[in-house]
>>> print(open('work31.cif').read())   # mmCIF, C-alpha atoms and all ligand atoms
data_final
#
loop_
_atom_site.label_atom_id
_atom_site.label_comp_id
_atom_site.auth_asym_id
_atom_site.auth_seq_id
_atom_site.Cartn_x
_atom_site.Cartn_y
_atom_site.Cartn_z
CA MET A 1 0.00 0.00 0.00
CA THR A 2 1.44 3.39 -0.97
CA LEU A 3 2.37 5.47 2.03
CA ALA A 4 -0.22 8.19 2.62
CA ALA A 5 -1.51 8.07 -0.96
CA THR A 6 -4.58 10.24 -0.84
CA LEU A 7 -7.79 10.55 -2.79
CA THR A 8 -9.62 13.85 -2.40
CA LEU A 9 -13.32 13.41 -3.01
CA LYS A 10 -15.88 15.97 -3.94
CA THR A 11 -19.18 14.82 -2.52
CA ASP A 12 -22.26 14.89 -4.72
CA SER A 13 -23.04 18.59 -5.03
CA SER A 14 -26.74 17.82 -5.37
CA ARG A 15 -26.64 16.83 -1.70
CA ARG A 16 -26.57 20.27 -0.16
CA ASP A 17 -25.54 19.05 3.29
CA GLN A 18 -22.29 17.44 1.99
CA THR A 19 -23.04 14.11 3.63
CA VAL A 20 -20.61 11.40 2.47
CA GLU A 21 -22.43 8.26 1.31
CA LEU A 22 -20.20 5.24 1.72
CA VAL A 23 -20.84 1.62 0.75
CA GLN A 24 -18.69 -0.98 2.51
CA ILE A 25 -18.17 -4.28 0.69
CA THR A 26 -16.10 -6.97 2.35
CA ASP A 27 -14.82 -10.55 2.31
CA LEU A 28 -15.54 -11.45 -1.30
CA HIS A 29 -13.15 -14.46 -1.17
CA LEU A 30 -12.86 -14.60 -4.95
CA LEU A 31 -11.15 -17.62 -6.50
CA ALA A 32 -8.82 -17.66 -9.50
CA ASP A 33 -11.39 -19.69 -11.46
CA PRO A 34 -14.60 -17.65 -11.80
CA GLN A 35 -16.58 -20.93 -11.79
CA GLY A 36 -14.89 -22.14 -8.59
CA LEU A 37 -16.78 -22.91 -5.39
CA LEU A 38 -15.84 -22.22 -1.78
CA LEU A 39 -17.91 -24.11 0.83
CA GLY A 40 -20.20 -24.96 -2.07
CA VAL A 41 -20.75 -21.29 -2.90
CA SER A 42 -19.82 -19.46 -6.09
CA THR A 43 -18.14 -16.45 -4.48
CA ASP A 44 -17.97 -14.81 -7.90
CA ASP A 45 -21.75 -15.04 -8.30
CA THR A 46 -22.54 -13.84 -4.77
CA ALA A 47 -20.16 -10.85 -5.10
CA ARG A 48 -21.79 -9.86 -8.41
CA GLU A 49 -25.26 -10.27 -6.89
CA VAL A 50 -24.35 -8.06 -3.93
CA PHE A 51 -22.98 -5.33 -6.20
CA LYS A 52 -26.11 -5.53 -8.36
CA PHE A 53 -28.29 -5.32 -5.24
CA ALA A 54 -26.33 -2.29 -3.96
CA GLN A 55 -26.67 -0.65 -7.37
CA SER A 56 -30.45 -1.01 -7.12
CA LYS A 57 -30.49 1.20 -3.99
CA ASP A 58 -29.62 4.89 -4.05
CA TRP A 59 -26.60 4.45 -6.35
CA PRO A 60 -23.94 5.76 -6.76
CA PRO A 61 -22.46 6.41 -3.32
CA ASP A 62 -19.54 8.84 -2.99
CA LEU A 63 -17.20 5.95 -2.19
CA VAL A 64 -17.10 2.15 -2.15
CA LEU A 65 -14.72 0.88 0.56
CA LEU A 66 -13.58 -2.75 0.23
CA THR A 67 -12.21 -4.01 3.55
CA GLY A 68 -10.18 -7.08 2.70
CA ASP A 69 -10.32 -10.78 1.92
CA LEU A 70 -11.11 -9.66 -1.59
CA ALA A 71 -9.42 -12.85 -2.82
CA GLN A 72 -9.35 -16.38 -1.41
CA GLU A 73 -6.74 -17.20 -4.06
CA PRO A 74 -4.70 -13.96 -4.26
CA LEU A 75 -3.42 -14.38 -7.81
CA PRO A 76 -3.16 -11.66 -10.45
CA GLU A 77 -6.08 -13.13 -12.44
CA THR A 78 -8.36 -13.05 -9.37
CA TYR A 79 -7.68 -9.36 -8.78
CA ARG A 80 -7.82 -8.54 -12.50
CA ARG A 81 -11.38 -9.89 -12.63
CA LEU A 82 -12.33 -7.85 -9.57
CA ASN A 83 -10.69 -4.79 -11.08
CA GLU A 84 -12.90 -5.09 -14.16
CA LEU A 85 -15.98 -5.40 -11.95
CA LEU A 86 -15.01 -2.35 -9.87
CA ARG A 87 -14.11 -0.26 -12.91
CA SER A 88 -17.56 -0.96 -14.35
CA LEU A 89 -19.14 0.66 -11.26
CA LYS A 90 -17.79 4.06 -12.39
CA THR A 91 -17.68 5.30 -8.80
CA PRO A 92 -14.57 5.68 -6.59
CA CYS A 93 -13.49 2.35 -5.05
CA VAL A 94 -10.79 2.11 -2.39
CA CYS A 95 -9.44 -1.30 -1.34
CA LEU A 96 -7.48 -2.50 1.68
CA PRO A 97 -6.13 -6.04 2.25
CA GLY A 98 -7.24 -8.85 4.56
CA ASN A 99 -5.49 -12.00 5.74
CA HIS A 100 -6.35 -13.94 2.56
CA ASP A 101 -5.01 -11.20 0.26
CA ASP A 102 -1.57 -10.58 -1.13
CA PRO A 103 -1.16 -6.82 -0.55
CA SER A 104 1.42 -6.27 -3.28
CA THR A 105 -0.38 -8.30 -6.00
CA MET A 106 -3.60 -6.60 -4.94
CA SER A 107 -2.25 -3.07 -5.26
CA GLU A 108 -0.58 -3.95 -8.60
CA GLN A 109 -3.82 -5.24 -10.09
CA LEU A 110 -6.52 -3.12 -8.46
CA ARG A 111 -6.00 0.10 -10.30
CA GLY A 112 -8.06 2.05 -12.73
CA ASP A 113 -9.51 5.52 -13.09
CA ASN A 114 -11.86 4.85 -10.18
CA VAL A 115 -10.06 1.97 -8.37
CA ARG A 116 -7.16 2.36 -5.93
CA CYS A 117 -5.42 0.80 -2.93
CA LEU A 118 -4.45 3.79 -0.82
CA SER A 119 -4.09 5.16 2.67
CA ARG A 120 -6.72 7.82 2.92
CA VAL A 121 -9.66 9.61 1.39
CA LEU A 122 -10.37 13.23 2.20
CA THR A 123 -13.79 14.82 1.87
CA ASP A 124 -14.96 18.27 2.96
CA HIS A 125 -15.63 17.13 6.54
CA TRP A 126 -14.20 13.61 6.85
CA GLN A 127 -10.91 11.74 6.61
CA ILE A 128 -11.21 8.01 5.85
CA ILE A 129 -7.98 6.20 6.76
CA CYS A 130 -7.17 2.70 5.48
CA LEU A 131 -4.84 0.48 7.51
CA ASN A 132 -3.34 -2.89 6.70
CA THR A 133 -3.83 -5.25 9.67
CA SER A 134 -2.80 -8.42 7.84
CA LEU A 135 0.43 -10.33 8.43
CA PRO A 136 2.05 -12.68 5.89
CA GLU A 137 0.89 -16.31 6.35
CA LYS A 138 -1.17 -15.43 9.45
CA GLU A 139 -4.93 -15.38 9.93
CA GLY A 140 -4.88 -12.95 12.85
CA GLY A 141 -4.41 -9.19 12.70
CA HIS A 142 -1.78 -6.76 13.93
CA VAL A 143 -1.14 -3.05 13.48
CA SER A 144 2.56 -2.45 12.95
CA GLU A 145 4.44 0.36 14.68
CA GLU A 146 4.83 1.96 11.24
CA SER A 147 1.05 1.86 10.66
CA LEU A 148 0.35 3.24 14.13
CA SER A 149 2.73 6.09 13.53
CA GLN A 150 1.23 6.74 10.09
CA LEU A 151 -2.25 6.76 11.64
CA GLU A 152 -1.09 9.25 14.27
CA THR A 153 0.40 11.49 11.58
CA LEU A 154 -2.73 11.38 9.42
CA LEU A 155 -5.01 12.11 12.38
CA ASP A 156 -2.81 15.00 13.50
CA GLU A 157 -2.66 16.43 9.98
CA GLN A 158 -6.45 16.70 9.87
CA PRO A 159 -7.74 17.65 13.33
CA ASP A 160 -10.76 19.43 11.84
CA ARG A 161 -11.99 16.50 9.78
CA PHE A 162 -13.91 13.68 11.46
CA ALA A 163 -12.10 10.37 11.13
CA LEU A 164 -13.28 6.93 10.10
CA ILE A 165 -10.72 4.13 10.07
CA GLY A 166 -11.11 1.15 7.75
CA ILE A 167 -9.36 -2.11 8.68
CA HIS A 168 -9.87 -5.80 7.98
CA HIS A 169 -9.60 -7.40 11.44
CA PRO A 170 -11.77 -6.12 14.30
CA PRO A 171 -9.86 -4.41 17.13
CA VAL A 172 -12.13 -5.92 19.83
CA SER A 173 -13.68 -9.29 20.69
CA VAL A 174 -16.81 -10.01 18.71
CA GLY A 175 -18.25 -12.81 20.86
CA CYS A 176 -17.21 -15.79 18.68
CA SER A 177 -14.40 -17.59 20.54
CA TRP A 178 -12.79 -18.95 17.37
CA LEU A 179 -12.83 -15.55 15.62
CA ASP A 180 -11.65 -13.76 18.76
CA THR A 181 -8.31 -15.57 18.41
CA MET A 182 -7.83 -13.69 15.12
CA ILE A 183 -8.67 -10.08 16.01
CA VAL A 184 -6.04 -7.30 15.98
CA ASP A 185 -3.66 -8.58 18.65
CA ASN A 186 -2.70 -5.03 19.68
CA GLY A 187 -6.22 -3.64 19.34
CA ASP A 188 -5.93 -1.87 22.71
CA LYS A 189 -3.02 0.18 21.39
CA LEU A 190 -4.94 1.04 18.22
CA LEU A 191 -8.04 2.05 20.20
CA GLU A 192 -5.99 4.10 22.64
CA LEU A 193 -4.49 6.11 19.78
CA VAL A 194 -7.80 6.51 17.95
CA ARG A 195 -9.62 7.58 21.13
CA SER A 196 -6.90 10.09 21.99
CA ARG A 197 -7.88 12.18 18.95
CA PRO A 198 -11.29 13.78 19.51
CA GLN A 199 -12.17 13.88 15.83
CA SER A 200 -12.23 10.04 15.67
CA ARG A 201 -15.72 8.70 15.12
CA ALA A 202 -15.64 5.11 13.86
CA ILE A 203 -13.74 1.97 12.95
CA VAL A 204 -15.17 -0.15 10.14
CA CYS A 205 -13.96 -3.70 9.69
CA GLY A 206 -14.53 -6.94 7.82
CA HIS A 207 -13.24 -10.46 8.65
CA ILE A 208 -16.12 -11.57 10.88
CA HIS A 209 -18.69 -12.32 8.15
CA GLN A 210 -21.51 -10.95 10.30
CA ALA A 211 -23.04 -7.63 11.25
CA LEU A 212 -21.67 -5.92 14.35
CA HIS A 213 -22.27 -2.49 15.85
CA LEU A 214 -20.62 -1.47 19.12
CA ARG A 215 -20.61 2.01 20.60
CA ASP A 216 -18.11 2.85 23.29
CA ARG A 217 -17.05 6.26 24.61
CA GLY A 218 -17.99 8.10 21.44
CA LEU A 219 -16.36 5.60 19.09
CA GLU A 220 -18.47 3.31 16.93
CA ILE A 221 -17.21 -0.04 15.67
CA PHE A 222 -18.96 -1.59 12.68
CA GLY A 223 -18.57 -5.10 11.31
CA THR A 224 -20.20 -6.14 8.08
CA PRO A 225 -21.55 -9.28 6.39
CA SER A 226 -19.46 -10.94 3.72
CA THR A 227 -20.56 -10.94 0.10
CA CYS A 228 -20.39 -14.77 0.28
CA PHE A 229 -21.10 -16.97 3.34
CA GLN A 230 -21.81 -15.79 6.89
CA PHE A 231 -20.48 -16.93 10.28
CA MET A 232 -22.81 -17.74 13.17
CA PRO A 233 -22.75 -15.01 15.84
CA ASP A 234 -21.81 -16.01 19.41
CA SER A 235 -20.44 -19.38 18.30
CA GLU A 236 -17.49 -21.02 20.06
CA LYS A 237 -16.49 -22.99 16.96
CA PHE A 238 -16.54 -22.34 13.23
CA ALA A 239 -20.22 -22.40 12.21
CA LEU A 240 -22.09 -21.04 9.22
CA ASP A 241 -25.17 -18.86 9.49
CA GLU A 242 -28.03 -19.11 7.00
CA LEU A 243 -28.33 -15.36 6.53
CA GLY A 244 -27.82 -13.96 3.05
CA PRO A 245 -24.76 -12.14 1.69
CA GLY A 246 -24.76 -8.40 2.22
CA TYR A 247 -23.04 -5.05 2.55
CA ARG A 248 -23.17 -1.95 4.74
CA ARG A 249 -24.12 1.58 3.91
CA LEU A 250 -22.82 4.48 6.02
CA SER A 251 -23.88 8.13 5.85
CA LEU A 252 -21.18 10.41 7.28
CA PHE A 253 -22.75 13.73 8.17
CA PRO A 254 -20.86 17.07 8.25
CA ASP A 255 -21.44 17.34 12.02
CA GLY A 256 -19.71 14.00 12.73
CA ARG A 257 -22.85 11.88 13.07
CA ILE A 258 -23.04 8.51 11.37
CA GLU A 259 -26.06 6.57 10.25
CA SER A 260 -25.56 3.03 9.04
CA GLU A 261 -27.55 0.09 7.83
CA VAL A 262 -26.81 -3.44 6.63
CA TYR A 263 -28.52 -4.74 3.50
CA ARG A 264 -28.74 -8.43 2.66
CA LEU A 265 -29.84 -10.57 -0.23
CA PRO A 266 -32.80 -12.74 0.75
CA GLY A 267 -32.01 -16.35 1.72
CA LYS A 268 -28.76 -18.25 2.18
CA PRO A 269 -26.32 -18.46 -0.74
CA ARG A 270 -27.00 -21.24 -3.26
CA GLY A 271 -25.06 -24.45 -2.59
CA LEU A 272 -23.87 -23.51 0.91
CA ASP A 273 -22.26 -26.57 2.53
CA GLN A 274 -23.51 -26.41 6.11
CA SER A 275 -21.39 -29.40 7.12
CA ALA A 276 -18.13 -27.53 6.40
CA ALA A 277 -15.80 -27.40 9.37
CA GLY A 278 -13.65 -24.54 8.06
CA TYR A 279 -12.62 -22.73 4.93
FE FE A 301 -13.16 -13.39 5.26
#
>>> encode(input="work31.cif", output="structure tokens")
Amino acid sequence: MTLAATLTLKTDSSRRDQTVELVQITDLHLLADPQGLLLGVSTDDTAREVFKFAQSKDWPPDLVLLTGDLAQEPLPETYRRLNELLRSLKTPCVCLPGNHDDPSTMSEQLRGDNVRCLSRVLTDHWQIICLNTSLPEKEGGHVSEESLSQLETLLDEQPDRFALIGIHHPPVSVGCSWLDTMIVDNGDKLLELVRSRPQSRAIVCGHIHQALHLRDRGLEIFGTPSTCFQFMPDSEKFALDELGPGYRRLSLFPDGRIESEVYRLPGKPRGLDQSAAGY
């Protein structure tokens, strides 16, 4: 990911209040073969269905934020196919990596007029900061000293813009014992830094394949359904939920307020293998 590469966004001028409309899409788990199946599910089909569904509702947003695990097989051809899909949306798309991604292949392939892997997006009233919490060959998350110091710099550069931080792994326990072994292992440090800057408003993550909304001391933490299969909330072991694939929409208001909603396709994904013990 390029250090502090920045996209400056002009929000839709027809919206007089300059609210930023953001769509979060996460955990696509795309395979190299577009016909391939993961846990019985065509992740290519479900990702396309979720994008189509999102496009049927108040489209386009100001920004589409993709929060990692974009590929299950992080090969150039997987990302090239996603790049074509994102370019066809004709709206700004910013991508950050998850534990299944290859950050360098991803940033080489995900590029186009409207598609980028970068560190931040600036709008009139908000700064959206993207952090890489993935570690090579590891499922769990970590924020490096370099990323923490970059986050501190970016926050201090923009004290008058409200901040939303996008990451893949959640910085707190989510109530699933097996997933809680893979959260950001220095989440306390990340939260301490974020909370120390009064403009910070929210952290938005992927990884957990379920909806989550926590509010603590002025900071909101959002987790979002995957575009493919979902994990059962409050489960000790790996377990699949029957809820449909989905995405999150966030409205970032000029006064720092956030409204957010999760949207899901009806029904479980076709072919879902409920007997799977992992993925
Ligand atoms: Fe995932």
>>> closest_residue(input="work31.cif", among="A:Ile25, A:Leu38, A:Ala277, A:Ile128", to="A:Phe53", atoms="only C-alpha atoms")
A:Ile25
>>> atom_distance(input="work31.cif", atom1="atom CA of A:Asp62", atom2="atom CA of A:Ser200")
20.1 Å
>>> residues_near_ligand(input="work31.cif", ligand="ligand FE 301 (chain A)", cutoff="6 Å", atoms="only C-alpha atoms and all ligand atoms", output="list in words")
Asp27, Asp69 and His207 of chain A
>>> residues_around(input="work31.cif", residues="A:Tyr263", least_positions_apart="2", cutoff="9 Å", atoms="all atoms listed in the file", output="PyMOL selection string")
chain A and resi 53-54+225+245-249+261+265
>>> residues_around(input="work31.cif", residues="A:Leu65", least_positions_apart="3", cutoff="8 Å", atoms="all atoms listed in the file", output="list in words")
Leu22, Val23, Gln24, Ile25, Cys93, Val94 and Cys95 of chain A
>>> residues_around(input="work31.cif", residues="A:Ser196", least_positions_apart="4", cutoff="12 Å", atoms="only C-alpha atoms", output="list in words")
Leu151, Glu152, Leu155, Asp156, Pro159, Lys189, Leu190, Leu191, Glu192, Ser200, Arg201, Arg217, Gly218 and Leu219 of chain A
>>> residues_around(input="work31.cif", residues="stretch 144-149 of chain A", least_positions_apart="3", cutoff="12 Å", atoms="only C-alpha atoms", output="PyMOL selection string")
chain A and resi 1-4+119+129-135+141+152-156+165+167+184-194
>>> atom_distance(input="work31.cif", atom1="atom CA of A:Leu214", atom2="atom CA of A:Ser173")
10.6 Å
>>> atom_distance(input="work31.cif", atom1="atom CA of A:Val143", atom2="atom CA of A:Thr105")
20.2 Å
>>> residues_around(input="work31.cif", residues="stretch 122-127 of chain A", least_positions_apart="3", cutoff="6 Å", atoms="all atoms listed in the file", output="list in words")
Thr8, Leu9, Arg161, Phe162, Ala163 and Pro254 of chain A
>>> closest_residue(input="work31.cif", among="A:Leu212, A:Leu252, A:Leu179, A:Ala5", to="A:Leu63", atoms="only C-alpha atoms")
A:Leu252
>>> closest_residue(input="work31.cif", among="A:Phe253, A:Leu164, A:Cys176, A:Ala239", to="A:Phe222", atoms="all atoms listed in the file")
A:Leu164
>>> closest_residue(input="work31.cif", among="A:Thr78, A:Gly223, A:Pro266, A:Leu118", to="A:Gln35", atoms="only C-alpha atoms")
A:Thr78
>>> closest_residue(input="work31.cif", among="A:Ser226, A:Gln158, A:Ser235, A:Ser260", to="A:Thr67", atoms="all atoms listed in the file")
A:Ser226
>>> closest_residue(input="work31.cif", among="A:Trp178, A:Tyr79, A:Phe238, A:Phe229", to="A:Asp45", atoms="only C-alpha atoms")
A:Phe229
